[in-house]
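Asks: Quick one: the structure is below, and I'll ask about it shortly.
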Amino acid sequence: MSTTKVAIIFGGASTEYDVSLNSAYSVITHLDPAKYQPILLGITRQGQWYLYNGPYENIANDTWFTPEHCTSAIISPNRKTKGILAFTEAGTITTHIDMALPILHGKNGEDGTIQGLLALAGIPIVGCGILASSLCMDKDMAHKLAAAAGVRVPKSFTINIESQLNIALIDAEGLGFPLFVKPVKSGSSFGITKVVSKSELPLAIITAFEHDNEVIIEENIDGFEVGCAIIGDQNLIIGEVDEVELSDGFFDYTEKYNLETSQIHVPARIAPEKAEEIKATAKLIYQALGCSGFARVDMFLTPNGDIVFNEVNTIPGFTTHSRFPNMLKAIGMTFEQILDEIIKQVAS
């Protein structure tokens with residue numbers, strides 16, 4: 001039986017480049033070789049594309065980019081090709097692929113850009129499509145659509161680079177402190193600051209603008225973060241609800257990938273009835289934003305039991321210790337089965 005050729009796209013011109021490498025390594029090393037042939041397409045921090053044929057370990061430790069293992073390549077936008085063009089000294093070599101699994105986090109990967117290229121090329125995408133990827137990356141638009149679907153969202157307002165700071169300061173006081181300042185389109189908590197006083201706000205805004213041209217200023221939600229891993233389009237598979245326990249601050253980049261002072265509890269330490277309510281809310285958000293394939297829906301649970309939407313990660317962390325696979329492992333799925341299931345969604 002022939003194997004399915006799956007292009008694993010990793011790296012990327014994004015602040016989340018390192019996260020992508022670790023996620024991609026876990027995915028590649030857990031694909032069933034009897035079913036799948038991974039075609040590895042790496043993107044450097046500078047945005048150069050290469051077909052990679054070296055050891056998998058070199059991806060994890062970021063030594064993959066070497067002349068002996070890399071060939072300059074692109075995804076052909078020609079729908080007749082449905083594959084990768086590699087440029088060698090002997091000429092152009094075409095590699096057909098059956099589908100592509102982008103393991104790219106943040107801008108230029110999780111925001112609809114790579115999904116647009118794949119759609120143009122006629123290559124099936126494992127995961128969310130163009131619109132859902134773009135909407136979920138935009139915190140303001142995602143919140144508006146979730147609110148329209150009847151889900152509670154944090155109070156917030158957005159500013160652009162031309163907005164007057166004094167007006168932003170007045171509006172922020174209306175939200176109360178502490179509050180959060182975030183780039184509208186960014187991931188892994190890059191550029192996010194928890195602001196506890198008015199004096200800290202200008203620097204927090206400057207920091208957020210380093211990552212995007214639009215900033216969202218958002219009320220603080222008391223309680224803790226919970227998440228749901230979802231696979232599917234119509235018939236959804238939903239993992240156990242997880243809980244982020246913080247000792248201080250918020251779930252920033254360091255905590256997300258090192259867990260220095262925080263813990264993840266799977267399943268969450270909440271009543272079964274509340275867990276089911278959270279799953280139902282996650283499903284509502286997932287469908288309202290047009291998600292398909294797979295995604296992780298993050299929410300807050302307040303002390304009085306209210307569920308408040310935070311964000312959707314359309315390409316969540318995919319290491320063996322990441323939240324998304326661990327929530328699905330809690331319902332009995334192995335890492336290999338999780339990959340099998342998300343790839344199966346393309347053919348269904």
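Lettering and numbering for the structure tokens are positional, with chains as A, B, ... in the shown order, residues counted from 1 in each chain, and ligands counted from 1 in the shown order.
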Let's see if you can do this: from backbone DSSP, list all alpha helix (DSSP H) residues in region 14-231 of chain A, as a VMD selection string.

Replies: chain A and resid 17 to 30 57 to 60 113 to 121 130 to 137 139 to 148 165 to 175 201 to 209

Asks: Give me, as a tab-separated table, each residue of region 161-182 of chain A that comes within 9 Å of region 199-219 of chain A, together with its shortest interatomic pair and the distance in Å at one decimal, counting only C-alpha atoms, with rows ordered by chain and rising residue number.

Replies:
residue	atom	partner	partner_atom	distance
A:Ile161	CA	A:Asn213	CA	6.3
A:Leu165	CA	A:Pro202	CA	7.7
A:Ala168	CA	A:Ile217	CA	8.7
A:Leu169	CA	A:Leu201	CA	7.5
A:Ala172	CA	A:Ile217	CA	7.1
A:Leu175	CA	A:Glu219	CA	5.6
A:Gly176	CA	A:Glu219	CA	7.0
A:Phe177	CA	A:Glu219	CA	7.6
A:Pro178	CA	A:Glu219	CA	7.3
A:Leu179	CA	A:Glu219	CA	4.7
A:Phe180	CA	A:Glu218	CA	5.1
A:Val181	CA	A:Ile217	CA	4.6
A:Lys182	CA	A:Ile216	CA	5.3

Asks: With C-alpha atoms retained, write the just-selected residues as a PDB file, in the first residue's frame.

Replies:
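Below you can see again-v4.pdb, which holds the result:
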ATOM      1  CA  ILE A 161      -0.352  53.748  15.677  1.00  0.00           C
ATOM      2  CA  LEU A 165      -2.350  58.225  23.746  1.00  0.00           C
ATOM      3  CA  ALA A 168      -6.283  55.531  25.196  1.00  0.00           C
ATOM      4  CA  LEU A 169      -5.326  56.315  28.791  1.00  0.00           C
ATOM      5  CA  ALA A 172      -8.138  52.245  29.821  1.00  0.00           C
ATOM      6  CA  LEU A 175     -11.724  49.233  32.060  1.00  0.00           C
ATOM      7  CA  GLY A 176      -9.935  49.440  35.411  1.00  0.00           C
ATOM      8  CA  PHE A 177      -6.595  48.046  36.505  1.00  0.00           C
ATOM      9  CA  PRO A 178      -5.029  45.573  36.184  1.00  0.00           C
ATOM     10  CA  LEU A 179      -5.595  45.149  32.463  1.00  0.00           C
ATOM     11  CA  PHE A 180      -3.791  43.571  29.527  1.00  0.00           C
ATOM     12  CA  VAL A 181      -2.170  45.239  26.533  1.00  0.00           C
ATOM     13  CA  LYS A 182      -1.742  42.908  23.557  1.00  0.00           C
TER      14      LYS A 182
END

Asks: Could you name the residues that touch region 77-81 of chain A at 8 Å or less, counting only C-alpha atoms, but leaving out those on the same chain fewer than 6 positions away, as a compact mmCIF listing (two decimals) with C-alpha atoms, in the first residue's frame?

Replies:
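Just written: selection-v6.txt:
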# COMPACT_ATOMS: atom_id res chain seq x y z
CA THR A 94 9.16 18.44 -8.71
CA HIS A 96 4.24 15.76 -5.58
CA LEU A 117 -0.80 29.70 -0.73
CA LEU A 118 -1.80 26.06 -0.27
CA LEU A 120 -4.09 28.60 -4.46
CA ALA A 121 -1.88 25.59 -5.24
CA GLY A 122 -4.78 23.17 -4.82
CA ILE A 123 -3.02 21.33 -2.01

Asks: Which residue is closest to Val151 (chain A)? Choose from A:Tyr286, A:Glu225, A:Met333, A:Gly232 and count only C-alpha atoms.

Replies: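 Looking at the shortest contact to Val151 (chain A), the residue is A:Tyr286.
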
Asks: For region 101-104 of chain A, list every protein, DNA or RNA residue within 6 Å, evaluated using only C-alpha atoms, and leave out those in the same chain fewer than 2 positions away; present the list as a ChimeraX atom specification.

Replies: /A:7-10,20,24,109,126

Asks: Could you give me the residues within region 101-249 of chain A that DSSP places in strand (DSSP E), as number ranges by chain?

Replies: A: 101-102, 156-160, 179-183, 193-195, 214-219, 224-231, 237-238, 242-245

Asks: Quick one: residues within 6 Å of Gly11 (chain A), only C-alpha atoms counted, chain neighbours fewer than 5 positions away excluded, as JSON, numbers by chain?

Replies: {"A": [17, 20, 21, 42, 43, 44]}

Asks: Would you compute the distance between CA of Phe294 (chain A) and CA of Glu110 (chain A)? Give it in Å to one decimal.

Replies: 12.4 Å

Asks: Please provide as a list of chain:residue names all residues within 10 Å of Asp98 (chain A), with the sequence filter that same-chain residues fewer than 6 positions apart are discarded (counting only C-alpha atoms).

Replies: A:Thr3, A:Thr4, A:Lys5, A:Val6, A:Ala7, A:Gln37, A:Lys82, A:Gly83, A:Gly122, A:Ile123, A:Pro124, A:Ile125, A:Val346

Asks: Using only C-alpha atoms, which residue out of A:Thr29, A:Ile74, A:Cys228, A:Glu276 lies closest to Val297 (chain A)?

Replies: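 Residue with the minimum atom-to-atom distance to Val297 (chain A): A:Cys228.
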
Asks: Given the choices A:Val226, A:Val19, A:Cys128, A:Ile114, which gets closest to Leu301 (chain A) if the distance is worked out from only C-alpha atoms?

Replies: A:Val226

Asks: Distance CA of Ile307 (chain A)-CA of Gly150 (chain A), one decimal place?

Replies: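 Distance between the two atoms: 11.3 Å.
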